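Participant: You'll find structure.cif just under this line, and it carries mmCIF, C-alpha atoms and all ligand atoms.
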data_entry
#
loop_
_atom_site.label_atom_id
_atom_site.label_comp_id
_atom_site.auth_asym_id
_atom_site.auth_seq_id
_atom_site.Cartn_x
_atom_site.Cartn_y
_atom_site.Cartn_z
CA MET A 1 -14.96 -71.38 53.96
CA GLU A 2 -15.75 -70.46 50.35
CA GLY A 3 -18.33 -67.86 49.49
CA TYR A 4 -18.64 -64.12 49.13
CA VAL A 5 -16.79 -62.48 52.01
CA PHE A 6 -17.49 -58.98 53.32
CA ASN A 7 -15.65 -57.36 56.20
CA THR A 8 -17.41 -54.74 58.28
CA GLU A 9 -15.93 -52.59 61.02
CA THR A 10 -19.04 -50.94 62.43
CA THR A 11 -22.67 -51.77 63.10
CA GLU A 12 -23.64 -49.21 60.46
CA GLU A 13 -21.54 -50.94 57.81
CA THR A 14 -23.33 -54.22 58.51
CA LEU A 15 -26.70 -52.45 58.33
CA ARG A 16 -25.70 -50.92 55.00
CA LEU A 17 -24.59 -54.25 53.53
CA ALA A 18 -27.85 -55.88 54.62
CA GLY A 19 -29.81 -52.96 53.19
CA LYS A 20 -28.13 -53.42 49.82
CA LEU A 21 -28.89 -57.13 49.92
CA ALA A 22 -32.54 -56.43 50.71
CA LEU A 23 -32.92 -54.54 47.44
CA LEU A 24 -31.84 -57.65 45.53
CA LEU A 25 -34.21 -60.09 47.26
CA SER A 26 -37.61 -61.20 45.98
CA PRO A 27 -40.79 -62.54 47.59
CA GLY A 28 -40.30 -66.17 48.60
CA ASP A 29 -36.56 -65.83 49.20
CA VAL A 30 -35.10 -67.53 52.28
CA VAL A 31 -31.97 -66.22 54.01
CA THR A 32 -30.27 -68.06 56.89
CA LEU A 33 -28.03 -66.46 59.51
CA GLU A 34 -25.43 -68.29 61.58
CA GLY A 35 -22.99 -66.89 64.09
CA ASP A 36 -22.31 -66.83 67.81
CA LEU A 37 -24.36 -64.88 70.35
CA GLY A 38 -23.95 -61.20 69.63
CA ALA A 39 -22.33 -61.75 66.24
CA GLY A 40 -24.85 -59.47 64.54
CA LYS A 41 -27.64 -61.68 63.16
CA THR A 42 -30.43 -59.47 64.45
CA THR A 43 -28.49 -56.38 63.38
CA PHE A 44 -28.25 -57.79 59.86
CA THR A 45 -32.00 -58.48 59.91
CA LYS A 46 -32.66 -54.87 60.93
CA GLY A 47 -30.69 -53.79 57.88
CA ILE A 48 -32.75 -56.05 55.64
CA GLY A 49 -35.94 -54.62 57.12
CA ALA A 50 -34.77 -51.05 56.59
CA GLY A 51 -33.83 -51.89 53.01
CA LEU A 52 -37.32 -53.25 52.45
CA GLY A 53 -38.76 -50.01 53.76
CA ILE A 54 -40.16 -51.52 56.94
CA THR A 55 -40.41 -48.77 59.54
CA ARG A 56 -41.48 -50.81 62.58
CA THR A 57 -38.61 -51.60 64.95
CA ILE A 58 -37.21 -55.07 64.41
CA ASN A 59 -36.24 -56.80 67.64
CA SER A 60 -35.05 -60.27 68.39
CA PRO A 61 -38.07 -62.60 68.26
CA THR A 62 -36.56 -64.96 70.82
CA TYR A 63 -39.83 -65.52 72.67
CA THR A 64 -42.06 -65.95 69.65
CA ILE A 65 -39.82 -67.78 67.12
CA VAL A 66 -41.32 -65.77 64.28
CA LYS A 67 -42.35 -62.15 63.87
CA GLU A 68 -44.03 -60.83 60.75
CA TYR A 69 -43.44 -57.30 59.50
CA MET A 70 -45.75 -55.90 56.90
CA GLY A 71 -44.31 -53.97 54.01
CA GLU A 72 -44.50 -53.80 50.26
CA ILE A 73 -42.69 -57.11 50.62
CA PRO A 74 -43.37 -58.58 54.08
CA LEU A 75 -40.52 -59.83 56.25
CA TYR A 76 -40.76 -63.00 58.32
CA HIS A 77 -38.07 -62.87 60.99
CA MET A 78 -37.42 -66.18 62.74
CA ASP A 79 -35.09 -66.96 65.62
CA VAL A 80 -35.18 -70.73 66.00
CA TYR A 81 -32.63 -70.88 68.82
CA ARG A 82 -35.22 -72.48 71.08
CA LEU A 83 -35.85 -75.29 68.59
CA GLU A 84 -32.43 -76.86 69.15
CA ASN A 85 -32.95 -80.59 69.73
CA SER A 86 -36.59 -80.28 68.74
CA ASP A 87 -38.10 -81.38 65.46
CA GLU A 88 -41.13 -79.15 65.82
CA ASP A 89 -42.48 -77.75 62.57
CA ILE A 90 -44.12 -74.39 63.23
CA GLY A 91 -45.39 -74.30 59.65
CA PHE A 92 -42.14 -73.28 58.01
CA GLN A 93 -43.21 -74.17 54.50
CA GLU A 94 -46.13 -71.75 54.62
CA TYR A 95 -43.74 -68.92 55.37
CA PHE A 96 -41.31 -70.00 52.66
CA ASP A 97 -44.17 -70.20 50.15
CA GLY A 98 -45.68 -66.91 51.33
CA PRO A 99 -45.36 -63.50 49.71
CA GLY A 100 -42.59 -62.36 52.04
CA ILE A 101 -38.87 -62.79 52.58
CA THR A 102 -37.91 -65.18 55.37
CA ILE A 103 -34.80 -64.60 57.45
CA ILE A 104 -33.80 -67.24 60.00
CA GLU A 105 -31.36 -66.83 62.89
CA TRP A 106 -29.76 -70.12 64.05
CA ALA A 107 -31.12 -71.88 60.95
CA SER A 108 -28.88 -74.92 61.51
CA PHE A 109 -31.34 -75.98 64.24
CA ILE A 110 -34.06 -76.54 61.63
CA LYS A 111 -31.88 -77.97 58.85
CA GLU A 112 -34.46 -80.57 57.87
CA PHE A 113 -37.02 -77.88 57.05
CA LEU A 114 -34.84 -75.54 55.01
CA PRO A 115 -35.48 -75.19 51.29
CA GLU A 116 -32.74 -76.34 48.93
CA HIS A 117 -32.49 -72.92 47.33
CA ARG A 118 -31.54 -70.23 49.82
CA LEU A 119 -28.85 -67.80 50.86
CA ASP A 120 -26.72 -68.96 53.79
CA ILE A 121 -24.94 -66.20 55.71
CA THR A 122 -22.38 -66.64 58.47
CA ILE A 123 -21.26 -63.77 60.69
CA GLN A 124 -17.98 -64.17 62.54
CA SER A 125 -16.91 -61.76 65.21
CA LYS A 126 -13.26 -60.72 65.12
CA GLY A 127 -13.34 -58.32 68.04
CA ASP A 128 -15.71 -55.68 69.36
CA TYR A 129 -16.58 -54.18 65.98
CA GLN A 130 -15.00 -56.27 63.25
CA ARG A 131 -17.18 -58.83 61.56
CA VAL A 132 -16.53 -61.24 58.71
CA ILE A 133 -19.77 -61.82 56.85
CA THR A 134 -19.74 -64.75 54.43
CA LEU A 135 -22.53 -65.36 51.94
CA ASN A 136 -22.99 -68.86 50.50
CA PRO A 137 -25.60 -68.94 47.75
CA ARG A 138 -27.53 -72.17 47.23
CA GLY A 139 -28.90 -72.09 43.72
CA HIS A 140 -28.61 -69.87 40.66
CA HIS A 141 -30.97 -67.12 41.85
CA PHE A 142 -28.84 -66.49 44.95
CA ASP A 143 -25.60 -66.82 42.95
CA GLN A 144 -26.75 -63.88 40.86
CA ILE A 145 -27.66 -61.87 43.95
CA CYS A 146 -24.22 -62.42 45.52
CA LYS A 147 -22.45 -61.49 42.30
CA GLU A 148 -24.46 -58.28 42.11
CA LEU A 149 -23.82 -57.45 45.77
CA ALA A 150 -20.07 -58.00 45.32
CA ARG A 151 -19.86 -55.71 42.28
N1 LIG B 201 -19.54 -54.65 62.57
C1 LIG B 201 -20.63 -54.95 63.29
N2 LIG B 201 -21.68 -55.56 62.69
C2 LIG B 201 -22.78 -55.90 63.41
N3 LIG B 201 -22.94 -55.67 64.73
C3 LIG B 201 -21.93 -55.05 65.37
C4 LIG B 201 -20.75 -54.67 64.68
N4 LIG B 201 -19.92 -54.07 65.58
C5 LIG B 201 -20.56 -54.09 66.75
N5 LIG B 201 -21.77 -54.68 66.66
C6 LIG B 201 -22.72 -54.85 67.76
O1 LIG B 201 -22.82 -56.24 68.06
C7 LIG B 201 -24.14 -56.52 68.57
C8 LIG B 201 -24.79 -57.61 67.73
O2 LIG B 201 -25.98 -58.00 68.36
P1 LIG B 201 -27.13 -58.81 67.64
O3 LIG B 201 -28.30 -58.82 68.53
O4 LIG B 201 -27.30 -58.31 66.25
O5 LIG B 201 -26.45 -60.26 67.57
P2 LIG B 201 -27.14 -61.67 67.30
O6 LIG B 201 -26.18 -62.42 66.44
O7 LIG B 201 -28.51 -61.48 66.78
O8 LIG B 201 -27.17 -62.31 68.74
P3 LIG B 201 -28.14 -63.48 69.32
O9 LIG B 201 -27.44 -64.77 69.04
O10 LIG B 201 -28.19 -63.19 70.79
O11 LIG B 201 -29.47 -63.37 68.66
C9 LIG B 201 -24.92 -55.22 68.48
O12 LIG B 201 -24.88 -54.58 69.73
C10 LIG B 201 -24.13 -54.42 67.44
O13 LIG B 201 -24.27 -53.01 67.60
MG MG B 202 -30.38 -62.20 67.43
#
Could you write out this structure as C-alpha cells?

Facilitator:
Amino acid sequence: MEGYVFNTETTEETLRLAGKLALLLSPGDVVTLEGDLGAGKTTFTKGIGAGLGITRTINSPTYTIVKEYMGEIPLYHMDVYRLENSDEDIGFQEYFDGPGITIIEWASFIKEFLPEHRLDITIQSKGDYQRVITLNPRGHHFDQICKELAR
C-alpha cells in the first residue's frame, strides 16, 4: 500500500504520532481509522484528543457510535463498527460540516457517507507492540499535512 508509513513500537509512540498529527488538523477535517480489533484505533484517537488539549478521558464509543468532546476545537469520535451491513445515516454530514474534527473507527462500514477529502489511516499490528501506521491523504489539504508530519 502506498502512503506515508510510520512504524511505532510502543503505545506511547503511537500516542505521540497522533498528537503531532492533531496539531496539523483544522476544524472540519475528517480522519478515518482502519485496522483489526486491538490494532490501536482508539489509542490513536486518544493521542489526537490529547494533542487537541482535550482533558476528558477518551474511551471507545462502541455503544453510542459517536461521542463529542469539547475543546478549543471539538472532537467527534465515531466507532461505526455496529453499522456494518446497515445504511443508517446518523447525521454524518452535520458532524463533517461542524466546527470539530471527526475521527471514525471502522470507516469502511460507512463508505457511502465519507467526504471525498479526508485522511485515511490504517493501523497494522505486527506483534504485541509493533504497529505499521499508514496515512493516505485524499486531497491537497491532507497531502500537505502528511508531508509536514513526515518531515
Ligand atoms: N505500538 C502500539 N500502538 C498502539 N497501541 C499499542 C501499541 N502497542 C501496544 N498497544 C496496545 O494495543 C491496544 C490497542 O487497543 P485499541 O483499543 O486502541 O484498539 P482498537 O483498534 O481501537 O480496537 P477495537 O477494534 O476493539 O476498537 C492497547 O491496549 C494498546 O496499549
Ligand atoms: Mg477502538

Participant: Distance limit 10 Å, reference ligand LIG 201 (chain B), atoms considered: only C-alpha atoms and all ligand atoms. Which residues make the cut? Give them as an MDAnalysis selection string.

Facilitator: chainID A and resid 7:17 33:47 59:62 79:81 105:106 122:133

Participant: Please identify all polymer residues lying at most 12 Å from the point (-33.1, -73.3, 61.2) (file coordinates), using only C-alpha atoms, and present the result as an NGL selection string.

Facilitator: :A and (30-34 or 65-66 or 77-90 or 92 or 102-115 or 118 or 120)

Participant: To one decimal place, how far is CA of Asn136 (chain A) from CA of Glu2 (chain A) in Å?

Facilitator: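 If I compute the distance from CA of Asn136 (chain A) to CA of Glu2 (chain A), I get 7.4 Å.
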
Participant: Neighbours of Gly28 (chain A) within 12 Å (all atoms listed in the file; same-chain residues fewer than 2 positions away dropped), as a PyMOL selection string?

Facilitator: chain A and resi 25-26+30-31+73-76+92-103+115+117-119+141

Participant: Just how far from CA of Leu21 (chain A) is CA of Gly139 (chain A), in Å to one decimal?

Facilitator: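 Going from CA of Gly139 (chain A) over to CA of Leu21 (chain A) covers 16.2 Å.
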
Participant: Taking into account all atoms listed in the file, which residue in the set A:Ala22, A:Ala50, A:Tyr63, A:Phe142 is nearest to ligand MG 202 (chain B)?

Facilitator: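 Under the stated criterion, the closest residue is A:Tyr63.
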
Participant: Compare A:Leu135, A:Ala150, A:Ile58, A:Gln144 by their minimum atom-to-atom distance to ligand MG 202 (chain B), counting only C-alpha atoms and all ligand atoms, and give me the closest one.

Facilitator: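 Ranked by minimum distance to ligand MG 202 (chain B), first place goes to A:Ile58.
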
Participant: Find the residue from A:Glu148, A:Glu116, A:Asp143, A:Glu68 that sits nearest to Leu23 (chain A); use all atoms listed in the file when measuring.

Facilitator: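 Among the listed residues, A:Glu148 lies closest to Leu23 (chain A).
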
Participant: What gap, in Å, lies between CA of Ile145 (chain A) and CA of Thr57 (chain A)?

Facilitator: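 Calculated distance between CA of Ile145 (chain A) and CA of Thr57 (chain A) is 25.8 Å.
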
Participant: Hey, could you pull the box centre and edge lengths for region 9-12 of chain A, axis-aligned, 3 Å padding per side, all listed atoms, to one decimal in Å, as AutoDock Vina command-line options?

Facilitator:
--center_x -19.8 --center_y -50.9 --center_z 61.8 --size_x 13.7 --size_y 9.4 --size_z 8.6

Participant: Around the point (-46.9, -50.9, 50.5) in the file's coordinates, collect all residues with an atom within 12 Å, using all atoms listed in the file, and return them as a VMD selection string.

Facilitator: chain A and resid 52 to 55 69 to 74
